[in-house]
$ cat my_file_39.txt   # compact mmCIF, C-alpha atoms
# COMPACT_ATOMS: atom_id res chain seq x y z
CA MET J 1 -7.28 -20.96 -8.83
CA LYS J 2 -6.65 -19.06 -5.60
CA VAL J 3 -6.81 -15.29 -5.79
CA PHE J 4 -5.51 -13.11 -2.96
CA VAL J 5 -6.53 -9.47 -2.81
CA THR J 6 -4.87 -7.22 -0.22
CA PRO J 7 -4.90 -3.48 0.48
CA ARG J 8 -2.11 -1.65 -1.31
CA ARG J 9 0.91 -0.39 0.54
CA GLY J 10 0.23 3.12 1.75
CA ILE J 11 -3.53 2.68 1.80
CA LEU J 12 -4.90 2.88 5.32
CA ASP J 13 -5.96 -0.61 6.37
CA PRO J 14 -7.85 -0.08 9.61
CA GLN J 15 -8.76 -3.78 9.90
CA GLY J 16 -5.13 -4.82 9.61
CA ARG J 17 -4.09 -2.18 12.09
CA ALA J 18 -6.67 -3.21 14.66
CA VAL J 19 -5.60 -6.85 14.41
CA GLU J 20 -1.91 -5.90 14.58
CA HIS J 21 -2.62 -3.95 17.74
CA ALA J 22 -4.54 -6.87 19.25
CA LEU J 23 -1.79 -9.37 18.40
CA LYS J 24 0.83 -7.12 20.00
CA SER J 25 -1.23 -6.73 23.14
CA LEU J 26 -1.45 -10.55 23.30
CA GLY J 27 2.34 -10.56 23.49
CA PHE J 28 3.21 -11.29 19.88
CA LYS J 29 5.81 -8.56 19.73
CA SER J 30 7.36 -9.96 16.57
CA VAL J 31 4.39 -8.82 14.48
CA ALA J 32 5.64 -6.08 12.20
CA GLY J 33 2.55 -5.59 10.09
CA VAL J 34 -0.86 -7.05 9.33
CA LYS J 35 -2.93 -6.72 6.20
CA ILE J 36 -6.40 -8.15 5.85
CA GLY J 37 -7.68 -8.91 2.41
CA LYS J 38 -9.79 -11.37 0.51
CA TYR J 39 -9.24 -14.93 -0.59
CA ILE J 40 -11.23 -15.94 -3.66
CA VAL J 41 -11.34 -19.50 -4.98
CA LEU J 42 -12.13 -19.82 -8.68
CA GLU J 43 -12.74 -22.92 -10.73
CA ILE J 44 -11.69 -22.22 -14.27
CA GLY J 45 -12.21 -24.49 -17.23
CA ALA J 46 -9.14 -23.73 -19.34
CA GLN J 47 -6.99 -25.62 -21.82
CA SER J 48 -3.71 -24.77 -20.14
CA THR J 49 -2.27 -23.22 -17.02
CA ALA J 50 -1.16 -20.26 -19.10
CA GLU J 51 -4.69 -19.69 -20.33
CA ALA J 52 -6.09 -19.95 -16.80
CA ARG J 53 -3.51 -17.47 -15.55
CA ASP J 54 -4.34 -15.08 -18.36
CA GLN J 55 -8.05 -15.27 -17.55
CA ALA J 56 -7.45 -14.80 -13.84
CA HIS J 57 -5.30 -11.78 -14.57
CA GLN J 58 -8.10 -10.18 -16.57
CA MET J 59 -10.70 -11.03 -13.93
CA CYS J 60 -8.57 -9.35 -11.27
CA GLU J 61 -7.98 -6.25 -13.38
CA ARG J 62 -11.62 -5.84 -14.34
CA LEU J 63 -13.56 -6.89 -11.26
CA LEU J 64 -11.89 -8.84 -8.45
CA ALA J 65 -9.51 -6.08 -7.38
CA ASN J 66 -9.54 -2.31 -7.61
CA PRO J 67 -5.92 -1.62 -8.62
CA LEU J 68 -6.18 1.84 -7.09
CA ILE J 69 -6.49 0.49 -3.56
CA GLU J 70 -5.71 -3.22 -3.81
CA ASP J 71 -2.90 -5.55 -4.92
CA TYR J 72 -3.59 -9.07 -6.06
CA THR J 73 -1.74 -12.33 -6.58
CA PHE J 74 -3.01 -15.72 -7.68
CA GLU J 75 -1.93 -19.34 -7.63
CA VAL J 76 -2.95 -22.05 -10.08
CA GLU J 77 -3.67 -25.49 -8.70
CA GLY J 78 -4.07 -28.78 -10.59
CA GLU J 79 -4.39 -29.33 -14.29
CA MET H 1 -36.34 19.09 -15.53
CA LYS H 2 -36.46 15.34 -16.24
CA TRP H 3 -34.59 13.18 -13.73
CA GLY H 4 -33.86 9.48 -13.77
CA VAL H 5 -33.13 7.58 -10.55
CA VAL H 6 -31.39 4.25 -11.14
CA ARG H 7 -32.56 1.30 -9.06
CA PHE H 8 -29.98 -1.45 -8.56
CA PRO H 9 -30.70 -4.62 -6.59
CA GLY H 10 -30.03 -3.33 -3.08
CA SER H 11 -30.67 0.37 -3.69
CA LEU H 12 -32.18 1.95 -0.57
CA ASP H 13 -32.46 5.65 -1.16
CA ASP H 14 -34.13 5.55 -4.57
CA ASN H 15 -37.55 6.28 -3.09
CA ASP H 16 -36.19 9.09 -0.93
CA ALA H 17 -34.58 10.63 -4.00
CA LEU H 18 -37.87 10.36 -5.91
CA TRP H 19 -39.71 11.93 -2.97
CA ALA H 20 -37.24 14.81 -2.81
CA LEU H 21 -37.40 15.45 -6.54
CA ARG H 22 -41.12 14.90 -7.17
CA GLU H 23 -42.93 15.81 -3.98
CA VAL H 24 -40.62 18.45 -2.55
CA MET H 25 -39.19 20.02 -5.69
CA GLY H 26 -41.99 19.38 -8.18
CA GLN H 27 -39.65 17.80 -10.69
CA GLU H 28 -40.39 15.10 -13.24
CA ALA H 29 -38.55 12.00 -12.08
CA SER H 30 -38.69 8.37 -13.14
CA LEU H 31 -37.09 5.16 -11.98
CA LEU H 32 -34.55 3.54 -14.27
CA TRP H 33 -34.15 -0.21 -13.84
CA HIS H 34 -30.54 -1.43 -13.74
CA LYS H 35 -31.16 -3.99 -16.49
CA ASP H 36 -32.55 -1.43 -18.89
CA THR H 37 -30.34 0.40 -21.29
CA SER H 38 -32.59 3.37 -22.12
CA LEU H 39 -32.25 6.52 -20.04
CA GLN H 40 -35.70 7.61 -21.28
CA GLY H 41 -34.54 11.04 -22.30
CA VAL H 42 -33.73 12.26 -18.78
CA GLU H 43 -31.57 15.34 -18.31
CA CYS H 44 -29.91 14.22 -15.09
CA VAL H 45 -29.20 10.71 -13.85
CA LEU H 46 -29.07 10.10 -10.10
CA LEU H 47 -27.42 6.98 -8.66
CA PRO H 48 -28.85 6.56 -5.15
CA GLY H 49 -27.39 5.18 -1.94
CA GLY H 50 -27.84 1.67 -0.63
CA PHE H 51 -26.05 -1.63 -0.87
CA SER H 52 -26.08 -2.50 -4.54
CA TYR H 53 -25.54 -6.23 -4.99
CA GLY H 54 -25.11 -6.54 -1.24
CA ASP H 55 -21.78 -4.66 -1.42
CA TYR H 56 -20.25 -8.02 -2.32
CA LEU H 57 -16.60 -7.86 -3.35
CA ARG H 58 -16.44 -4.06 -2.97
CA CYS H 59 -19.12 -1.39 -2.73
CA GLY H 60 -20.34 -0.58 -6.21
CA ALA H 61 -17.99 -3.04 -7.91
CA ILE H 62 -20.73 -5.24 -9.32
CA ALA H 63 -23.28 -2.48 -9.97
CA ARG H 64 -20.72 -0.90 -12.24
CA PHE H 65 -21.36 -3.75 -14.71
CA SER H 66 -25.16 -3.38 -14.73
CA PRO H 67 -26.40 -2.85 -18.30
CA ILE H 68 -27.65 0.65 -17.53
CA MET H 69 -24.14 1.78 -16.58
CA ASP H 70 -22.99 1.57 -20.20
CA SER H 71 -25.74 4.04 -21.06
CA VAL H 72 -24.83 6.23 -18.09
CA ALA H 73 -21.15 6.25 -19.17
CA LYS H 74 -22.17 7.20 -22.71
CA PHE H 75 -24.52 9.90 -21.40
CA ALA H 76 -21.70 11.31 -19.25
CA ALA H 77 -19.28 11.21 -22.19
CA GLU H 78 -21.76 13.33 -24.13
CA GLY H 79 -21.83 15.87 -21.32
CA GLY H 80 -24.98 14.67 -19.53
CA LEU H 81 -25.29 15.43 -15.81
CA VAL H 82 -24.77 12.47 -13.46
CA VAL H 83 -24.92 12.56 -9.66
CA GLY H 84 -24.09 9.71 -7.29
CA THR H 85 -24.77 9.85 -3.58
CA CYS H 86 -23.16 7.39 -1.15
CA ASN H 87 -23.30 3.99 -2.90
CA GLY H 88 -23.92 5.91 -6.11
CA PHE H 89 -20.61 7.73 -5.52
CA GLN H 90 -18.90 4.37 -5.00
CA VAL H 91 -20.42 3.05 -8.24
CA LEU H 92 -19.20 6.12 -10.17
CA CYS H 93 -15.65 5.64 -8.85
CA GLU H 94 -15.68 1.92 -9.68
CA ALA H 95 -16.94 2.80 -13.17
CA HIS H 96 -14.04 5.29 -13.56
CA LEU H 97 -16.49 8.10 -14.21
CA LEU H 98 -14.93 9.77 -11.18
CA PRO H 99 -11.34 9.55 -9.93
CA GLY H 100 -10.36 7.75 -6.74
CA ALA H 101 -11.99 5.05 -4.65
CA LEU H 102 -13.88 4.69 -1.39
CA THR H 103 -12.74 2.35 1.32
CA ARG H 104 -13.48 1.42 4.94
CA ASN H 105 -14.00 4.27 7.41
CA ARG H 106 -10.92 4.67 9.58
CA THR H 107 -13.04 3.91 12.65
CA LEU H 108 -14.16 0.63 11.03
CA SER H 109 -17.66 1.52 12.15
CA PHE H 110 -20.77 2.46 10.24
CA ILE H 111 -21.41 6.16 10.76
CA CYS H 112 -24.91 7.62 10.69
CA GLU H 113 -24.99 11.27 11.72
CA PRO H 114 -25.35 14.81 10.42
CA VAL H 115 -22.06 16.38 9.29
CA HIS H 116 -21.00 19.73 7.91
CA VAL H 117 -19.47 20.19 4.50
CA ARG H 118 -17.98 23.32 2.94
CA VAL H 119 -18.56 24.30 -0.66
CA GLU H 120 -15.09 24.50 -2.22
CA ASN H 121 -16.12 25.37 -5.76
CA ALA H 122 -19.43 27.11 -6.41
CA GLN H 123 -18.95 27.38 -10.15
CA THR H 124 -20.18 23.96 -11.20
CA PRO H 125 -23.60 22.68 -12.28
CA PHE H 126 -23.91 20.99 -8.87
CA THR H 127 -23.07 23.96 -6.68
CA CYS H 128 -24.03 27.06 -8.68
CA ALA H 129 -26.92 27.97 -6.35
CA LEU H 130 -24.46 27.99 -3.43
CA ARG H 131 -21.79 30.40 -2.23
CA GLN H 132 -18.11 29.62 -2.16
CA GLY H 133 -17.27 28.62 1.43
CA GLU H 134 -20.93 28.06 2.36
CA VAL H 135 -21.38 25.35 4.99
CA LEU H 136 -24.11 22.77 4.53
CA LYS H 137 -25.47 20.38 7.11
CA LEU H 138 -26.16 17.00 5.51
CA PRO H 139 -26.49 13.48 6.91
CA ILE H 140 -24.04 10.67 6.20
CA LYS H 141 -24.68 6.96 6.67
CA HIS H 142 -21.92 4.72 5.43
CA GLY H 143 -19.30 2.16 6.40
CA GLU H 144 -17.01 2.77 3.45
CA GLY H 145 -16.70 6.49 2.83
CA LEU H 146 -12.98 7.08 3.20
CA TYR H 147 -11.99 8.73 -0.06
CA VAL H 148 -8.58 7.88 -1.47
CA ALA H 149 -6.74 8.78 -4.67
CA PRO H 150 -3.05 8.81 -5.58
CA ALA H 151 -1.22 11.90 -4.26
CA ALA H 152 -0.44 13.24 -7.73
CA GLU H 153 -4.05 12.91 -8.78
CA LEU H 154 -5.29 14.59 -5.59
CA ARG H 155 -2.99 17.51 -6.28
CA GLN H 156 -4.34 17.88 -9.81
CA MET H 157 -7.93 17.56 -8.61
CA GLU H 158 -7.34 20.34 -6.09
CA GLU H 159 -5.77 22.56 -8.74
CA ARG H 160 -8.63 22.04 -11.16
CA GLY H 161 -11.24 22.65 -8.45
CA GLN H 162 -12.70 19.16 -8.67
CA VAL H 163 -13.10 18.92 -4.90
CA LEU H 164 -16.58 20.38 -4.48
CA LEU H 165 -17.33 19.49 -0.85
CA ARG H 166 -15.02 19.05 2.13
CA TYR H 167 -15.86 17.89 5.66
CA VAL H 168 -15.59 20.76 8.17
CA ASP H 169 -17.01 21.65 11.57
CA ALA H 170 -20.13 23.77 12.05
CA ALA H 171 -18.00 26.92 11.88
CA GLY H 172 -16.58 25.88 8.52
CA GLN H 173 -13.13 24.97 9.83
CA GLN H 174 -11.30 21.90 8.63
CA SER H 175 -9.90 19.60 11.30
CA ASP H 176 -9.15 15.95 11.85
CA ALA H 177 -12.05 15.70 14.29
CA ALA H 178 -14.43 17.11 11.67
CA ASN H 179 -13.45 14.44 9.14
CA PRO H 180 -15.82 11.61 10.03
CA ASN H 181 -14.34 8.78 7.97
CA GLY H 182 -10.71 9.83 7.49
CA SER H 183 -11.03 10.82 3.82
CA LEU H 184 -7.86 12.19 2.24
CA HIS H 185 -7.98 16.00 2.09
CA ALA H 186 -11.30 15.63 4.00
CA ILE H 187 -13.02 15.10 0.66
CA ALA H 188 -16.79 14.63 0.86
CA GLY H 189 -17.64 15.20 -2.79
CA VAL H 190 -15.76 15.38 -6.10
CA ALA H 191 -16.51 16.11 -9.72
CA ASN H 192 -14.85 14.80 -12.87
CA GLU H 193 -12.54 16.99 -14.94
CA ARG H 194 -15.40 18.09 -17.14
CA PHE H 195 -17.66 18.95 -14.20
CA ASN H 196 -20.68 17.00 -15.42
CA VAL H 197 -20.32 14.03 -13.04
CA PHE H 198 -20.50 14.54 -9.28
CA GLY H 199 -20.24 12.07 -6.42
CA LEU H 200 -20.72 12.76 -2.73
CA MET H 201 -20.95 10.63 0.41
CA PRO H 202 -23.50 12.83 2.25
CA HIS H 203 -27.16 12.49 1.35
CA PRO H 204 -28.78 15.66 -0.02
CA GLU H 205 -32.02 13.73 -0.60
CA HIS H 206 -32.33 13.16 3.16
CA ALA H 207 -32.11 16.89 3.90
CA VAL H 208 -35.01 18.38 1.97
CA GLU H 209 -37.57 19.22 4.67
CA ALA H 210 -37.33 20.84 8.10
CA LEU H 211 -38.96 17.73 9.51
CA LEU H 212 -35.89 15.75 8.42
CA GLY H 213 -33.57 18.06 10.34
CA GLY H 214 -32.72 20.50 7.59
CA GLU H 215 -33.21 21.56 4.01
CA ASP H 216 -29.65 22.11 2.86
CA GLY H 217 -29.83 19.20 0.42
CA LEU H 218 -32.30 21.21 -1.66
CA LYS H 219 -29.52 23.63 -2.57
CA ILE H 220 -27.66 20.95 -4.47
CA PHE H 221 -30.75 19.90 -6.43
CA ARG H 222 -31.59 23.57 -7.06
CA SER H 223 -28.12 24.13 -8.46
CA ILE H 224 -28.56 21.30 -10.94
CA ILE H 225 -31.98 22.59 -12.00
CA GLU H 226 -30.61 26.14 -12.40
CA SER H 227 -27.62 24.97 -14.40
CA ALA H 228 -29.86 23.15 -16.85
CA ARG H 229 -31.92 26.26 -17.61
$ encode --input "my_file_39.txt" --output "C-alpha cells"
Amino acid sequence: MKVFVTPRRGILDPQGRAVEHALKSLGFKSVAGVKIGKYIVLEIGAQSTAEARDQAHQMCERLLANPLIEDYTFEVEGE
Amino acid sequence: MKWGVVRFPGSLDDNDALWALREVMGQEASLLWHKDTSLQGVECVLLPGGFSYGDYLRCGAIARFSPIMDSVAKFAAEGGLVVGTCNGFQVLCEAHLLPGALTRNRTLSFICEPVHVRVENAQTPFTCALRQGEVLKLPIKHGEGLYVAPAAELRQMEERGQVLLRYVDAAGQQSDAANPNGSLHAIAGVANERFNVFGLMPHPEHAVEALLGGEDGLKIFRSIIESAR
C-alpha cells in the first residue's frame, strides 16, 4: 500500500514554493506548481483489496494525515 | 494549586515548567507519565514543549494517542483546565481539544527568539491577571508554529474571543514583520469554545525570572492560579 500525503490546496506550502522557485531559476519555466508531501509505504495483511483500502482509509483519517491541512491518496499493490 | 506536567518521550520543557511552577511560584506540581492514565487529582494539566515522539509524521500527531491523552480529554470535557505550550499546543490541536493546526514556519527555519504578544481577551482563566491589550515579551522556539484554521472557523473564533494572544511588535502593533512564523491572523495562542483549554506557541515557562530575560510568563500562570481560587 502506497500512501501519499500532500498539503491541502490553499495551505501555505513553503517547501513546495521554495522548490518551485529553484526549479524556475534553473530554467524549468513550465513548472506551474510544486507541492511537497510524504510518501508512506504500508504492508497490510488483509483478506481483500477492498478490506486493505478500507483500513488504509481509516489509518489516513485517524493518524497518517491531518485532514485540516493535508490531502491524501493511496494505491494498493499486489494481492 | 495542584499542577500536572505531562512527560512524553521527547518532551524538553517539562523540567522548566516544573521549575517555574515549584521553585518560582511555590506551586504543587507533579510529573505525569504519558503511559499513565491517572491525572492524580491535579487541577491544571500542562503539556510542555519539545519533540514528542521525535515529531515523526507531524508534530504532536503520535503523542495525541498516548494513554494519558484520553484522561486529559475527559478532564477537559469535565471543565478541567489544560494548557499546552509549543509542542503541547500542537498535541492539543491534533487531539481536537483546540481548533486548527500548526504547520511549518513560512521561513522554513527554526525560530528561537523573544517575541511580543498582545492579550486579546483578558476574561479567561488563562489571562485574567492581565489587561486587555497588554503586551507580553515571551520567547518562541519552534519550526512548526504557523497556525492555520479554515476561514469560517477563524471568523467564529474571533467573534467568540477565542484568540487570546496575537503576535505584535514591542509597541503592540500588528504587522506582517511582527508575525514571526506567518500564522493566520497572527495567532500566537487560542482557547477552546469553553475557555478551559489553552494552547500557545510562546513559552511562558521560559520567562519567569529576570535572569531569563523577563518575567512576563508568570502572568499567565498567575491568571490560572487566580481563576482557580
$ interface_residues --input "my_file_39.txt" --of "chain J" --to "chain H" --cutoff "12 Å" --atoms "all atoms listed in the file" --output "PDB file with C-alpha atoms, in the frame of the given file"
ATOM      1  CA  VAL J   5      -6.530  -9.470  -2.810  1.00  0.00           C
ATOM      2  CA  PRO J   7      -4.900  -3.480   0.480  1.00  0.00           C
ATOM      3  CA  ARG J   8      -2.110  -1.650  -1.310  1.00  0.00           C
ATOM      4  CA  ARG J   9       0.910  -0.390   0.540  1.00  0.00           C
ATOM      5  CA  GLY J  10       0.230   3.120   1.750  1.00  0.00           C
ATOM      6  CA  ILE J  11      -3.530   2.680   1.800  1.00  0.00           C
ATOM      7  CA  LEU J  12      -4.900   2.880   5.320  1.00  0.00           C
ATOM      8  CA  ASP J  13      -5.960  -0.610   6.370  1.00  0.00           C
ATOM      9  CA  PRO J  14      -7.850  -0.080   9.610  1.00  0.00           C
ATOM     10  CA  GLN J  15      -8.760  -3.780   9.900  1.00  0.00           C
ATOM     11  CA  GLY J  16      -5.130  -4.820   9.610  1.00  0.00           C
ATOM     12  CA  ARG J  17      -4.090  -2.180  12.090  1.00  0.00           C
ATOM     13  CA  ALA J  18      -6.670  -3.210  14.660  1.00  0.00           C
ATOM     14  CA  VAL J  19      -5.600  -6.850  14.410  1.00  0.00           C
ATOM     15  CA  ILE J  36      -6.400  -8.150   5.850  1.00  0.00           C
ATOM     16  CA  GLY J  37      -7.680  -8.910   2.410  1.00  0.00           C
ATOM     17  CA  LYS J  38      -9.790 -11.370   0.510  1.00  0.00           C
ATOM     18  CA  TYR J  39      -9.240 -14.930  -0.590  1.00  0.00           C
ATOM     19  CA  ILE J  40     -11.230 -15.940  -3.660  1.00  0.00           C
ATOM     20  CA  CYS J  60      -8.570  -9.350 -11.270  1.00  0.00           C
ATOM     21  CA  GLU J  61      -7.980  -6.250 -13.380  1.00  0.00           C
ATOM     22  CA  ARG J  62     -11.620  -5.840 -14.340  1.00  0.00           C
ATOM     23  CA  LEU J  63     -13.560  -6.890 -11.260  1.00  0.00           C
ATOM     24  CA  LEU J  64     -11.890  -8.840  -8.450  1.00  0.00           C
ATOM     25  CA  ALA J  65      -9.510  -6.080  -7.380  1.00  0.00           C
ATOM     26  CA  ASN J  66      -9.540  -2.310  -7.610  1.00  0.00           C
ATOM     27  CA  PRO J  67      -5.920  -1.620  -8.620  1.00  0.00           C
ATOM     28  CA  LEU J  68      -6.180   1.840  -7.090  1.00  0.00           C
ATOM     29  CA  ILE J  69      -6.490   0.490  -3.560  1.00  0.00           C
ATOM     30  CA  GLU J  70      -5.710  -3.220  -3.810  1.00  0.00           C
TER      31      GLU J  70
END
$ closest_residue --input "my_file_39.txt" --among "J:Ala22, J:Asp71, J:Thr49, J:Leu42" --to "J:Lys2" --atoms "all atoms listed in the file"
J:Leu42
$ atom_distance --input "my_file_39.txt" --atom1 "atom CA of H:Gly145" --atom2 "atom CA of H:Thr37"
28.4 Å
$ atom_distance --input "my_file_39.txt" --atom1 "atom CA of H:Val119" --atom2 "atom CA of H:Met157"
14.9 Å
$ atom_distance --input "my_file_39.txt" --atom1 "atom CA of H:Ala63" --atom2 "atom CA of H:Cys86"
13.2 Å
